Amino acid sequence: MNEDGIYQPAWQLPAGVHAFVTTRFGGHSQGAWQTFNLADHVNDDPAAVIANRILLSEHIGKITGSAAPIMQWVQQVHGCTVYTAKNSTFTPSPQADAIYTTCSNLACVILTADCLPVLFCSTDGQEIAVAHAGWRGLCGGVLEATIASFKSQPHQIMAWLGPAIGSCHFEVGDEVRAAFIQAAVPEDEAATHEAFTSAFKPGKWFADLYQIARIRLKTAGINQINGDCNCTFCGDSNFYSHRKKSPTGRFATLIIKTK
Ligand SMILES: [Zn+2]
């Protein structure tokens with residue numbers, strides 16, 4: 001991480017494609033949101049959020065050499081809608097849980113605080129996307145919907161799994177486990193069972209969002225899957241974790257291409 005509180009994941013990307021993850025550090029927010037909250041729906045001071053978003057855009061511009069990158073924000077609703085972003089700003093931001101683009105200098109941004117952010121890039125570097133995969137979106141098929149937006153074939157797409165709540169802390173009820181098992185294609189049923197371990201309480205399980213995402217991505221034909229578990233709950237000094245403490249802010253995971 002650099003002094004701006006933003007880091008670039010260790011992920012080999014095609015020339016001209018850049019990925020970034022923000023942290024709690026380097027921003028203007030105070031109190032429960034300190035300091036780099038980028039969400040405008042979590043009761044943080046709106047002026048601080050605007051200042052933080054400007055900081056992020058400036059940082060991306062500086063690192064990528066793109067003068068004034070367009071930041072594509074969406075209103076996330078735990079659904080499976082993929083927004084195809086063009087070279088224009090859309091106000092208010094569209095309701096969607098994934099963003100796809102072929103445009104240059106346009107950052108596809110997802111905000112999270114425990115949900116799993118997933119970045120996508122075609123191996124030729126021409127298509128990029130990001131998805132917000134909390135349990136509902138993951139179960140409902142947001143990753144598959146994002147892959148379906150690509151012109152590239154799945155074997156020509158790579159994915160990266162960002163910071164999210166790990167199976168060490170993601171306790172869910174029977175209904176969540178049942179929903180995933182029901183949604184699984186027959187060949188994934190056994191593996192999906194294995195993504196849930198008993199929490200030693202009646203009807204409670206620890207769910208592994210990373211494992212489920214890998215199962216779903218592989219079945220969709222994606223073989224190049226990067227990024228390991230980086231638990232936001234364990235790492236809440238770096239990231240926001242809604243389960244650890246609420247209210248809290250949201251950090252950004254984003255991808256941009258400059259060619
Ligand atoms: Zn944890």
# chains A, B, ... in the order shown; residues from 1 in each chain; ligands from 1

$ residues_around --residues "region 125-130 of chain A" --least-positions-apart "2" --cutoff "8 Å" --atoms "only C-alpha atoms" --output "MDAnalysis selection string"
chainID A and resid 13:17 98:102 108:110 117:123 132 146 150 152 253:257 259

$ residues_near_ligand --ligand "ligand 1" --cutoff "9 Å" --atoms "only C-alpha atoms and all ligand atoms" --output "mmCIF file with N, CA, C and O atoms, in the first residue's frame"
data_model
loop_
_atom_site.group_PDB
_atom_site.id
_atom_site.type_symbol
_atom_site.label_atom_id
_atom_site.label_comp_id
_atom_site.auth_asym_id
_atom_site.auth_seq_id
_atom_site.Cartn_x
_atom_site.Cartn_y
_atom_site.Cartn_z
ATOM 1 N N ALA A 164 -12.801 -9.689 1.297
ATOM 2 C CA ALA A 164 -14.185 -9.966 1.701
ATOM 3 C C ALA A 164 -14.154 -10.755 3.004
ATOM 4 O O ALA A 164 -13.107 -11.265 3.409
ATOM 5 N N ILE A 165 -15.299 -10.873 3.628
ATOM 6 C CA ILE A 165 -15.350 -11.613 4.897
ATOM 7 C C ILE A 165 -14.997 -13.081 4.637
ATOM 8 O O ILE A 165 -15.515 -13.708 3.713
ATOM 9 N N GLY A 166 -14.077 -13.604 5.433
ATOM 10 C CA GLY A 166 -13.614 -14.974 5.255
ATOM 11 C C GLY A 166 -14.516 -15.973 5.962
ATOM 12 O O GLY A 166 -15.381 -15.593 6.770
ATOM 13 N N SER A 167 -14.283 -17.240 5.673
ATOM 14 C CA SER A 167 -15.085 -18.280 6.322
ATOM 15 C C SER A 167 -14.800 -18.330 7.828
ATOM 16 O O SER A 167 -15.563 -18.906 8.593
ATOM 17 N N CYS A 168 -13.704 -17.684 8.261
ATOM 18 C CA CYS A 168 -13.400 -17.568 9.689
ATOM 19 C C CYS A 168 -14.486 -16.761 10.415
ATOM 20 O O CYS A 168 -14.692 -16.936 11.610
ATOM 21 N N HIS A 169 -15.189 -15.879 9.698
ATOM 22 C CA HIS A 169 -16.148 -14.988 10.346
ATOM 23 C C HIS A 169 -17.517 -14.908 9.696
ATOM 24 O O HIS A 169 -18.390 -14.225 10.223
ATOM 25 N N PHE A 170 -17.697 -15.534 8.537
ATOM 26 C CA PHE A 170 -18.973 -15.355 7.850
ATOM 27 C C PHE A 170 -19.970 -16.426 8.257
ATOM 28 O O PHE A 170 -20.145 -17.445 7.604
ATOM 29 N N ASN A 230 -8.810 -12.630 1.915
ATOM 30 C CA ASN A 230 -8.244 -11.507 2.646
ATOM 31 C C ASN A 230 -9.401 -10.990 3.502
ATOM 32 O O ASN A 230 -10.153 -10.125 3.086
ATOM 33 N N CYS A 231 -9.558 -11.580 4.683
ATOM 34 C CA CYS A 231 -10.780 -11.358 5.483
ATOM 35 C C CYS A 231 -10.893 -9.920 5.989
ATOM 36 O O CYS A 231 -10.023 -9.425 6.703
ATOM 37 N N THR A 232 -12.004 -9.280 5.617
ATOM 38 C CA THR A 232 -12.252 -7.897 6.022
ATOM 39 C C THR A 232 -12.561 -7.788 7.519
ATOM 40 O O THR A 232 -12.244 -6.782 8.143
ATOM 41 N N PHE A 233 -13.161 -8.832 8.079
ATOM 42 C CA PHE A 233 -13.492 -8.822 9.508
ATOM 43 C C PHE A 233 -12.194 -8.915 10.321
ATOM 44 O O PHE A 233 -11.970 -8.124 11.242
ATOM 45 N N CYS A 234 -11.327 -9.865 9.964
ATOM 46 C CA CYS A 234 -10.013 -9.970 10.626
ATOM 47 C C CYS A 234 -9.182 -8.712 10.363
ATOM 48 O O CYS A 234 -8.422 -8.282 11.224
ATOM 49 N N GLY A 235 -9.323 -8.161 9.170
ATOM 50 C CA GLY A 235 -8.477 -7.037 8.755
ATOM 51 C C GLY A 235 -9.190 -5.712 8.820
ATOM 52 O O GLY A 235 -8.961 -4.831 7.990
#

$ select_by_dssp --residues "region 31-256 of chain A" --states "strand (DSSP E)" --output "tab-separated table (two decimals) with all heavy atoms, in the first residue's frame"
chain	number	residue	atom	x	y	z
A	70	ILE	N	-13.07	8.72	-15.91
A	70	ILE	CA	-14.48	8.70	-15.51
A	70	ILE	C	-14.61	7.61	-14.45
A	70	ILE	O	-14.14	6.48	-14.64
A	70	ILE	CB	-15.39	8.38	-16.71
A	70	ILE	CG1	-15.35	9.53	-17.72
A	70	ILE	CG2	-16.82	8.09	-16.25
A	70	ILE	CD1	-16.06	9.22	-19.02
A	71	MET	N	-15.24	7.95	-13.34
A	71	MET	CA	-15.46	6.95	-12.29
A	71	MET	C	-16.92	6.50	-12.42
A	71	MET	O	-17.83	7.29	-12.22
A	71	MET	CB	-15.22	7.55	-10.90
A	71	MET	CG	-13.87	8.24	-10.73
A	71	MET	SD	-12.47	7.12	-10.91
A	71	MET	CE	-12.61	6.19	-9.40
A	72	GLN	N	-17.13	5.25	-12.76
A	72	GLN	CA	-18.50	4.73	-12.87
A	72	GLN	C	-18.92	4.12	-11.55
A	72	GLN	O	-18.39	3.08	-11.14
A	72	GLN	CB	-18.61	3.71	-13.99
A	72	GLN	CG	-20.03	3.18	-14.17
A	72	GLN	CD	-21.00	4.26	-14.60
A	72	GLN	OE1	-20.82	4.88	-15.65
A	72	GLN	NE2	-22.02	4.52	-13.79
A	82	VAL	N	-26.05	-6.22	-14.73
A	82	VAL	CA	-24.74	-5.73	-15.17
A	82	VAL	C	-24.97	-4.44	-15.95
A	82	VAL	O	-25.75	-4.44	-16.91
A	82	VAL	CB	-24.04	-6.76	-16.08
A	82	VAL	CG1	-22.63	-6.29	-16.44
A	82	VAL	CG2	-24.00	-8.13	-15.40
A	83	TYR	N	-24.32	-3.37	-15.55
A	83	TYR	CA	-24.43	-2.11	-16.27
A	83	TYR	C	-23.27	-1.99	-17.25
A	83	TYR	O	-22.12	-2.11	-16.86
A	83	TYR	CB	-24.41	-0.94	-15.28
A	83	TYR	CG	-24.46	0.40	-15.95
A	83	TYR	CD1	-25.60	0.82	-16.61
A	83	TYR	CD2	-23.35	1.25	-15.95
A	83	TYR	CE1	-25.65	2.05	-17.26
A	83	TYR	CE2	-23.39	2.48	-16.58
A	83	TYR	CZ	-24.54	2.88	-17.23
A	83	TYR	OH	-24.58	4.09	-17.88
A	84	THR	N	-23.60	-1.78	-18.53
A	84	THR	CA	-22.55	-1.56	-19.52
A	84	THR	C	-22.24	-0.08	-19.57
A	84	THR	O	-23.08	0.73	-19.98
A	84	THR	CB	-23.00	-2.08	-20.90
A	84	THR	OG1	-23.19	-3.50	-20.79
A	84	THR	CG2	-21.94	-1.82	-21.96
A	98	ALA	N	-22.97	-5.03	-11.08
A	98	ALA	CA	-21.74	-5.30	-11.83
A	98	ALA	C	-21.65	-4.23	-12.92
A	98	ALA	O	-22.67	-3.67	-13.34
A	98	ALA	CB	-21.78	-6.69	-12.44
A	99	ILE	N	-20.43	-3.94	-13.32
A	99	ILE	CA	-20.18	-2.94	-14.38
A	99	ILE	C	-19.23	-3.57	-15.38
A	99	ILE	O	-18.22	-4.17	-15.00
A	99	ILE	CB	-19.54	-1.66	-13.81
A	99	ILE	CG1	-20.35	-1.11	-12.64
A	99	ILE	CG2	-19.38	-0.61	-14.90
A	99	ILE	CD1	-19.61	-0.06	-11.82
A	100	TYR	N	-19.58	-3.42	-16.66
A	100	TYR	CA	-18.75	-3.94	-17.74
A	100	TYR	C	-18.44	-2.79	-18.68
A	100	TYR	O	-19.30	-1.93	-18.92
A	100	TYR	CB	-19.52	-5.04	-18.50
A	100	TYR	CG	-18.95	-5.37	-19.86
A	100	TYR	CD1	-17.97	-6.35	-20.00
A	100	TYR	CD2	-19.38	-4.68	-21.00
A	100	TYR	CE1	-17.45	-6.65	-21.25
A	100	TYR	CE2	-18.86	-4.99	-22.26
A	100	TYR	CZ	-17.89	-5.97	-22.38
A	100	TYR	OH	-17.37	-6.26	-23.60
A	101	THR	N	-17.22	-2.76	-19.22
A	101	THR	CA	-16.93	-1.74	-20.23
A	101	THR	C	-15.83	-2.18	-21.19
A	101	THR	O	-15.00	-3.04	-20.85
A	101	THR	CB	-16.55	-0.38	-19.59
A	101	THR	OG1	-16.69	0.65	-20.58
A	101	THR	CG2	-15.14	-0.37	-19.05
A	106	LEU	N	-12.10	4.69	-18.12
A	106	LEU	CA	-13.37	4.61	-17.39
A	106	LEU	C	-13.19	3.53	-16.31
A	106	LEU	O	-12.98	2.36	-16.63
A	106	LEU	CB	-14.50	4.26	-18.35
A	106	LEU	CG	-15.93	4.31	-17.79
A	106	LEU	CD1	-16.91	4.57	-18.92
A	106	LEU	CD2	-16.31	3.05	-17.04
A	107	ALA	N	-13.26	3.96	-15.06
A	107	ALA	CA	-13.04	3.02	-13.96
A	107	ALA	C	-14.35	2.38	-13.54
A	107	ALA	O	-15.33	3.08	-13.26
A	107	ALA	CB	-12.41	3.75	-12.78
A	108	CYS	N	-14.39	1.06	-13.52
A	108	CYS	CA	-15.55	0.30	-13.04
A	108	CYS	C	-15.35	0.07	-11.55
A	108	CYS	O	-14.42	-0.64	-11.16
A	108	CYS	CB	-15.65	-1.04	-13.76
A	108	CYS	SG	-15.82	-0.88	-15.55
A	109	VAL	N	-16.23	0.66	-10.74
A	109	VAL	CA	-16.01	0.69	-9.28
A	109	VAL	C	-17.13	-0.02	-8.53
A	109	VAL	O	-18.31	0.24	-8.77
A	109	VAL	CB	-15.95	2.14	-8.75
A	109	VAL	CG1	-15.40	2.16	-7.33
A	109	VAL	CG2	-15.14	3.05	-9.66
A	110	ILE	N	-16.74	-0.88	-7.60
A	110	ILE	CA	-17.70	-1.51	-6.69
A	110	ILE	C	-17.28	-1.19	-5.26
A	110	ILE	O	-16.09	-1.14	-4.95
A	110	ILE	CB	-17.75	-3.05	-6.93
A	110	ILE	CG1	-18.56	-3.38	-8.18
A	110	ILE	CG2	-18.26	-3.80	-5.73
A	110	ILE	CD1	-20.06	-3.09	-8.08
A	111	LEU	N	-18.28	-0.92	-4.41
A	111	LEU	CA	-18.00	-0.62	-3.00
A	111	LEU	C	-18.44	-1.79	-2.14
A	111	LEU	O	-19.53	-2.33	-2.34
A	111	LEU	CB	-18.77	0.64	-2.58
A	111	LEU	CG	-18.39	1.92	-3.32
A	111	LEU	CD1	-19.30	3.06	-2.91
A	111	LEU	CD2	-16.94	2.28	-3.03
A	112	THR	N	-17.61	-2.14	-1.17
A	112	THR	CA	-17.96	-3.26	-0.29
A	112	THR	C	-17.46	-3.02	1.14
A	112	THR	O	-16.61	-2.15	1.39
A	112	THR	CB	-17.35	-4.59	-0.78
A	112	THR	OG1	-15.94	-4.43	-0.87
A	112	THR	CG2	-17.92	-5.02	-2.12
A	116	LEU	N	-18.03	-9.82	-1.43
A	116	LEU	CA	-16.86	-10.14	-2.26
A	116	LEU	C	-16.84	-9.32	-3.55
A	116	LEU	O	-17.75	-9.42	-4.37
A	116	LEU	CB	-16.90	-11.64	-2.60
A	116	LEU	CG	-15.77	-12.18	-3.48
A	116	LEU	CD1	-14.42	-12.09	-2.79
A	116	LEU	CD2	-16.05	-13.64	-3.87
A	117	PRO	N	-15.80	-8.49	-3.73
A	117	PRO	CA	-15.65	-7.80	-5.01
A	117	PRO	C	-14.84	-8.69	-5.97
A	117	PRO	O	-13.82	-9.26	-5.58
A	117	PRO	CB	-14.85	-6.55	-4.64
A	117	PRO	CG	-14.09	-6.91	-3.40
A	117	PRO	CD	-14.77	-8.09	-2.74
A	118	VAL	N	-15.32	-8.82	-7.20
A	118	VAL	CA	-14.61	-9.66	-8.18
A	118	VAL	C	-14.30	-8.83	-9.42
A	118	VAL	O	-15.21	-8.21	-10.00
A	118	VAL	CB	-15.44	-10.91	-8.57
A	118	VAL	CG1	-14.65	-11.80	-9.53
A	118	VAL	CG2	-15.85	-11.69	-7.33
A	119	LEU	N	-13.04	-8.79	-9.81
A	119	LEU	CA	-12.62	-8.07	-11.01
A	119	LEU	C	-12.46	-9.06	-12.16
A	119	LEU	O	-12.06	-10.22	-11.94
A	119	LEU	CB	-11.29	-7.35	-10.77
A	119	LEU	CG	-11.28	-6.25	-9.71
A	119	LEU	CD1	-9.86	-5.72	-9.53
A	119	LEU	CD2	-12.21	-5.12	-10.10
A	120	PHE	N	-12.74	-8.59	-13.37
A	120	PHE	CA	-12.61	-9.41	-14.58
A	120	PHE	C	-11.84	-8.63	-15.64
A	120	PHE	O	-11.99	-7.41	-15.75
A	120	PHE	CB	-13.99	-9.74	-15.17
A	120	PHE	CG	-14.88	-10.56	-14.29
A	120	PHE	CD1	-15.70	-9.96	-13.34
A	120	PHE	CD2	-14.91	-11.95	-14.41
A	120	PHE	CE1	-16.54	-10.73	-12.53
A	120	PHE	CE2	-15.75	-12.72	-13.61
A	120	PHE	CZ	-16.57	-12.11	-12.66
A	121	CYS	N	-11.08	-9.38	-16.45
A	121	CYS	CA	-10.37	-8.75	-17.56
A	121	CYS	C	-10.17	-9.79	-18.65
A	121	CYS	O	-9.82	-10.94	-18.36
A	121	CYS	CB	-9.02	-8.25	-17.05
A	121	CYS	SG	-8.01	-7.49	-18.31
A	122	SER	N	-10.42	-9.39	-19.92
A	122	SER	CA	-10.13	-10.32	-21.01
A	122	SER	C	-8.61	-10.36	-21.21
A	122	SER	O	-7.92	-9.38	-20.92
A	122	SER	CB	-10.83	-9.88	-22.30
A	122	SER	OG	-10.40	-8.60	-22.68
A	128	ILE	N	-13.20	-5.17	-19.60
A	128	ILE	CA	-13.01	-5.25	-18.16
A	128	ILE	C	-14.37	-5.19	-17.46
A	128	ILE	O	-15.35	-4.72	-18.04
A	128	ILE	CB	-12.10	-4.11	-17.62
A	128	ILE	CG1	-12.65	-2.74	-18.05
A	128	ILE	CG2	-10.65	-4.30	-18.07
A	128	ILE	CD1	-11.92	-1.55	-17.41
A	129	ALA	N	-14.40	-5.68	-16.22
A	129	ALA	CA	-15.66	-5.66	-15.46
A	129	ALA	C	-15.37	-5.83	-13.98
A	129	ALA	O	-14.28	-6.27	-13.59
A	129	ALA	CB	-16.59	-6.78	-15.94
A	130	VAL	N	-16.36	-5.45	-13.18
A	130	VAL	CA	-16.29	-5.69	-11.74
A	130	VAL	C	-17.67	-6.14	-11.28
A	130	VAL	O	-18.69	-5.73	-11.85
A	130	VAL	CB	-15.84	-4.41	-10.98
A	130	VAL	CG1	-16.83	-3.27	-11.15
A	130	VAL	CG2	-15.62	-4.69	-9.50
A	131	ALA	N	-17.70	-7.02	-10.30
A	131	ALA	CA	-18.98	-7.49	-9.76
A	131	ALA	C	-18.97	-7.41	-8.24
A	131	ALA	O	-17.92	-7.57	-7.60
A	131	ALA	CB	-19.26	-8.92	-10.20
A	132	HIS	N	-20.14	-7.15	-7.69
A	132	HIS	CA	-20.36	-7.11	-6.24
A	132	HIS	C	-21.06	-8.41	-5.86
A	132	HIS	O	-22.22	-8.62	-6.22
A	132	HIS	CB	-21.24	-5.88	-5.93
A	132	HIS	CG	-21.94	-5.92	-4.61
A	132	HIS	ND1	-23.30	-5.77	-4.49
A	132	HIS	CD2	-21.46	-6.07	-3.35
A	132	HIS	CE1	-23.63	-5.82	-3.21
A	132	HIS	NE2	-22.54	-6.00	-2.50
A	133	ALA	N	-20.33	-9.28	-5.18
A	133	ALA	CA	-20.88	-10.60	-4.89
A	133	ALA	C	-21.00	-10.82	-3.39
A	133	ALA	O	-20.13	-11.40	-2.75
A	133	ALA	CB	-20.02	-11.69	-5.53
A	157	ILE	N	-10.95	-15.05	-20.29
A	157	ILE	CA	-11.24	-14.06	-19.24
A	157	ILE	C	-10.54	-14.50	-17.96
A	157	ILE	O	-10.55	-15.68	-17.61
A	157	ILE	CB	-12.77	-13.96	-18.98
A	157	ILE	CG1	-13.52	-13.59	-20.27
A	157	ILE	CG2	-13.06	-12.93	-17.90
A	157	ILE	CD1	-15.05	-13.71	-20.14
A	158	MET	N	-9.94	-13.53	-17.28
A	158	MET	CA	-9.38	-13.85	-15.96
A	158	MET	C	-10.12	-13.07	-14.89
A	158	MET	O	-10.69	-12.01	-15.16
A	158	MET	CB	-7.89	-13.59	-15.93
A	158	MET	CG	-7.44	-12.33	-16.57
A	158	MET	SD	-5.66	-12.45	-16.79
A	158	MET	CE	-5.35	-10.80	-17.35
A	159	ALA	N	-10.09	-13.63	-13.69
A	159	ALA	CA	-10.83	-13.02	-12.58
A	159	ALA	C	-9.91	-12.86	-11.37
A	159	ALA	O	-8.92	-13.58	-11.22
A	159	ALA	CB	-12.03	-13.88	-12.21
A	160	TRP	N	-10.25	-11.90	-10.54
A	160	TRP	CA	-9.50	-11.67	-9.30
A	160	TRP	C	-10.48	-11.44	-8.15
A	160	TRP	O	-11.42	-10.65	-8.28
A	160	TRP	CB	-8.57	-10.47	-9.45
A	160	TRP	CG	-7.72	-10.21	-8.24
A	160	TRP	CD1	-6.57	-10.85	-7.88
A	160	TRP	CD2	-7.97	-9.23	-7.21
A	160	TRP	NE1	-6.09	-10.34	-6.69
A	160	TRP	CE2	-6.92	-9.36	-6.26
A	160	TRP	CE3	-8.97	-8.27	-6.99
A	160	TRP	CZ2	-6.84	-8.56	-5.12
A	160	TRP	CZ3	-8.89	-7.48	-5.85
A	160	TRP	CH2	-7.84	-7.62	-4.94
A	161	LEU	N	-10.27	-12.17	-7.06
A	161	LEU	CA	-11.16	-12.08	-5.90
A	161	LEU	C	-10.55	-11.12	-4.87
A	161	LEU	O	-9.43	-11.34	-4.41
A	161	LEU	CB	-11.35	-13.46	-5.27
A	161	LEU	CG	-11.73	-14.61	-6.23
A	161	LEU	CD1	-11.84	-15.92	-5.46
A	161	LEU	CD2	-13.04	-14.31	-6.94
A	171	GLU	N	-20.65	-16.16	9.39
A	171	GLU	CA	-21.64	-17.11	9.89
A	171	GLU	C	-22.99	-16.84	9.24
A	171	GLU	O	-23.44	-15.70	9.18
A	171	GLU	CB	-21.74	-16.94	11.41
A	171	GLU	CG	-22.54	-18.05	12.06
A	171	GLU	CD	-22.64	-17.87	13.57
A	171	GLU	OE1	-21.60	-17.85	14.25
A	171	GLU	OE2	-23.76	-17.72	14.06
A	172	VAL	N	-23.59	-17.90	8.75
A	172	VAL	CA	-24.91	-17.79	8.09
A	172	VAL	C	-25.84	-18.87	8.63
A	172	VAL	O	-25.40	-19.81	9.29
A	172	VAL	CB	-24.79	-17.92	6.55
A	172	VAL	CG1	-23.90	-16.84	5.97
A	172	VAL	CG2	-24.29	-19.32	6.16
A	173	GLY	N	-27.12	-18.72	8.32
A	173	GLY	CA	-28.11	-19.68	8.76
A	173	GLY	C	-28.33	-20.78	7.73
A	173	GLY	O	-27.83	-20.73	6.61
A	196	PHE	N	-19.41	-25.00	3.21
A	196	PHE	CA	-20.07	-24.67	4.48
A	196	PHE	C	-19.56	-25.60	5.57
A	196	PHE	O	-19.59	-26.82	5.41
A	196	PHE	CB	-21.59	-24.80	4.35
A	196	PHE	CG	-22.18	-23.78	3.43
A	196	PHE	CD1	-22.19	-24.00	2.06
A	196	PHE	CD2	-22.67	-22.58	3.93
A	196	PHE	CE1	-22.71	-23.04	1.19
A	196	PHE	CE2	-23.19	-21.62	3.07
A	196	PHE	CZ	-23.22	-21.85	1.70
A	197	THR	N	-19.08	-25.02	6.66
A	197	THR	CA	-18.64	-25.84	7.79
A	197	THR	C	-19.47	-25.47	9.01
A	197	THR	O	-19.89	-24.31	9.15
A	197	THR	CB	-17.14	-25.65	8.10
A	197	THR	OG1	-16.88	-24.25	8.20
A	197	THR	CG2	-16.27	-26.23	7.00
A	198	SER	N	-19.69	-26.43	9.86
A	198	SER	CA	-20.55	-26.19	11.01
A	198	SER	C	-19.98	-25.12	11.92
A	198	SER	O	-18.78	-25.08	12.20
A	198	SER	CB	-20.71	-27.49	11.80
A	198	SER	OG	-21.40	-27.21	13.01
A	204	LYS	N	-26.45	-23.09	12.23
A	204	LYS	CA	-25.48	-22.05	11.86
A	204	LYS	C	-24.26	-22.65	11.17
A	204	LYS	O	-23.76	-23.71	11.58
A	204	LYS	CB	-25.03	-21.27	13.10
A	204	LYS	CG	-26.15	-20.48	13.75
A	204	LYS	CD	-26.58	-19.30	12.89
A	204	LYS	CE	-27.69	-18.50	13.56
A	204	LYS	NZ	-28.24	-17.48	12.65
A	205	TRP	N	-23.79	-21.95	10.17
A	205	TRP	CA	-22.67	-22.41	9.34
A	205	TRP	C	-21.69	-21.29	9.07
A	205	TRP	O	-22.09	-20.13	9.02
A	205	TRP	CB	-23.21	-22.92	7.99
A	205	TRP	CG	-24.24	-23.99	8.12
A	205	TRP	CD1	-25.58	-23.79	8.30
A	205	TRP	CD2	-24.01	-25.40	8.13
A	205	TRP	NE1	-26.20	-25.01	8.42
A	205	TRP	CE2	-25.28	-26.00	8.31
A	205	TRP	CE3	-22.88	-26.20	8.00
A	205	TRP	CZ2	-25.44	-27.38	8.37
A	205	TRP	CZ3	-23.02	-27.57	8.04
A	205	TRP	CH2	-24.29	-28.16	8.23
A	206	PHE	N	-20.44	-21.67	8.85
A	206	PHE	CA	-19.49	-20.71	8.31
A	206	PHE	C	-19.43	-20.93	6.81
A	206	PHE	O	-19.18	-22.05	6.34
A	206	PHE	CB	-18.10	-20.90	8.94
A	206	PHE	CG	-18.02	-20.40	10.35
A	206	PHE	CD1	-17.72	-21.26	11.40
A	206	PHE	CD2	-18.24	-19.05	10.63
A	206	PHE	CE1	-17.66	-20.79	12.70
A	206	PHE	CE2	-18.18	-18.58	11.93
A	206	PHE	CZ	-17.89	-19.45	12.97
A	207	ALA	N	-19.68	-19.85	6.08
A	207	ALA	CA	-19.71	-19.94	4.61
A	207	ALA	C	-18.42	-19.39	4.02
A	207	ALA	O	-17.89	-18.37	4.49
A	207	ALA	CB	-20.89	-19.15	4.08
A	224	GLN	N	-8.57	-18.94	-15.09
A	224	GLN	CA	-7.55	-18.05	-14.52
A	224	GLN	C	-8.18	-17.24	-13.39
A	224	GLN	O	-8.72	-16.16	-13.61
A	224	GLN	CB	-7.00	-17.13	-15.59
A	224	GLN	CG	-6.41	-17.88	-16.77
A	224	GLN	CD	-5.92	-16.93	-17.85
A	224	GLN	OE1	-5.01	-16.14	-17.61
A	224	GLN	NE2	-6.54	-16.98	-19.02
A	225	ILE	N	-8.13	-17.82	-12.18
A	225	ILE	CA	-8.74	-17.17	-11.02
A	225	ILE	C	-7.63	-16.81	-10.03
A	225	ILE	O	-6.87	-17.68	-9.59
A	225	ILE	CB	-9.77	-18.10	-10.33
A	225	ILE	CG1	-10.79	-18.61	-11.36
A	225	ILE	CG2	-10.47	-17.36	-9.20
A	225	ILE	CD1	-11.70	-19.71	-10.85
A	226	ASN	N	-7.54	-15.55	-9.71
A	226	ASN	CA	-6.50	-15.04	-8.82
A	226	ASN	C	-7.12	-14.42	-7.57
A	226	ASN	O	-8.30	-14.13	-7.55
A	226	ASN	CB	-5.68	-13.96	-9.55
A	226	ASN	CG	-5.10	-14.47	-10.85
A	226	ASN	OD1	-4.00	-14.98	-10.90
A	226	ASN	ND2	-5.88	-14.36	-11.91
A	251	PHE	N	-15.12	0.46	1.14
A	251	PHE	CA	-13.90	0.67	0.33
A	251	PHE	C	-14.19	0.25	-1.11
A	251	PHE	O	-15.17	-0.46	-1.38
A	251	PHE	CB	-12.71	-0.07	0.94
A	251	PHE	CG	-12.83	-1.58	0.96
A	251	PHE	CD1	-12.37	-2.33	-0.12
A	251	PHE	CD2	-13.37	-2.23	2.05
A	251	PHE	CE1	-12.48	-3.72	-0.11
A	251	PHE	CE2	-13.48	-3.61	2.06
A	251	PHE	CZ	-13.03	-4.36	0.98
A	252	ALA	N	-13.33	0.70	-2.00
A	252	ALA	CA	-13.56	0.47	-3.44
A	252	ALA	C	-12.61	-0.58	-4.00
A	252	ALA	O	-11.45	-0.67	-3.59
A	252	ALA	CB	-13.36	1.77	-4.20
A	253	THR	N	-13.14	-1.38	-4.92
A	253	THR	CA	-12.32	-2.27	-5.74
A	253	THR	C	-12.66	-1.88	-7.18
A	253	THR	O	-13.84	-1.80	-7.54
A	253	THR	CB	-12.68	-3.74	-5.47
A	253	THR	OG1	-12.45	-4.01	-4.08
A	253	THR	CG2	-11.81	-4.69	-6.31
A	254	LEU	N	-11.64	-1.60	-7.98
A	254	LEU	CA	-11.92	-1.08	-9.32
A	254	LEU	C	-10.90	-1.52	-10.35
A	254	LEU	O	-9.79	-1.93	-10.01
A	254	LEU	CB	-11.99	0.45	-9.28
A	254	LEU	CG	-10.72	1.18	-8.87
A	254	LEU	CD1	-10.17	1.98	-10.03
A	254	LEU	CD2	-11.04	2.11	-7.70
A	255	ILE	N	-11.33	-1.42	-11.60
A	255	ILE	CA	-10.47	-1.79	-12.72
A	255	ILE	C	-10.64	-0.74	-13.81
A	255	ILE	O	-11.74	-0.20	-14.01
A	255	ILE	CB	-10.76	-3.23	-13.19
A	255	ILE	CG1	-9.72	-3.71	-14.20
A	255	ILE	CG2	-12.18	-3.39	-13.74
A	255	ILE	CD1	-9.66	-5.24	-14.36
A	256	ILE	N	-9.55	-0.44	-14.50
A	256	ILE	CA	-9.57	0.60	-15.55
A	256	ILE	C	-8.56	0.21	-16.62
A	256	ILE	O	-7.54	-0.41	-16.31
A	256	ILE	CB	-9.24	1.99	-14.94
A	256	ILE	CG1	-9.32	3.11	-15.99
A	256	ILE	CG2	-7.90	2.00	-14.23
A	256	ILE	CD1	-9.29	4.52	-15.38

$ residues_around --residues "Ile147 (chain A)" --least-positions-apart "4" --cutoff "8 Å" --atoms "only C-alpha atoms" --output "PyMOL selection string"
chain A and resi 143+154+220

$ select_by_dssp --residues "region 6-247 of chain A" --states "helix (DSSP H, G or I)" --output "MDAnalysis selection string"
chainID A and resid 31:33 46:64 135:140 142:148 154:156 174:183 186:194 209:219

$ atom_distance --atom1 "CA of Asp4 (chain A)" --atom2 "CA of Gly65 (chain A)"
16.4 Å

$ residues_around --residues "region 45-57 of chain A" --least-positions-apart "6" --cutoff "10 Å" --atoms "only C-alpha atoms" --output "list in words"
Asp4, Gly5, Ile6, Phe20, Thr22, Gly26, Gly27, His28, Ser29, Gln30, Trp33, Gln34, Thr35, Phe36, Asn37, Leu38, Ala39, Ser66, Ala67, Ala68, Pro69, Ile70, Met71, Ala107, Gly249 and Ala252 of chain A

$ closest_residue --among "A:Thr219, A:Asn105, A:Thr91, A:Asn238" --to "Val185 (chain A)" --atoms "only C-alpha atoms"
A:Thr219

$ atom_distance --atom1 "CA of His41 (chain A)" --atom2 "CA of Arg136 (chain A)"
19.4 Å

$ closest_residue --among "A:Pro163, A:Thr258, A:Gly203, A:Asp97" --to "Arg177 (chain A)" --atoms "only C-alpha atoms"
A:Gly203
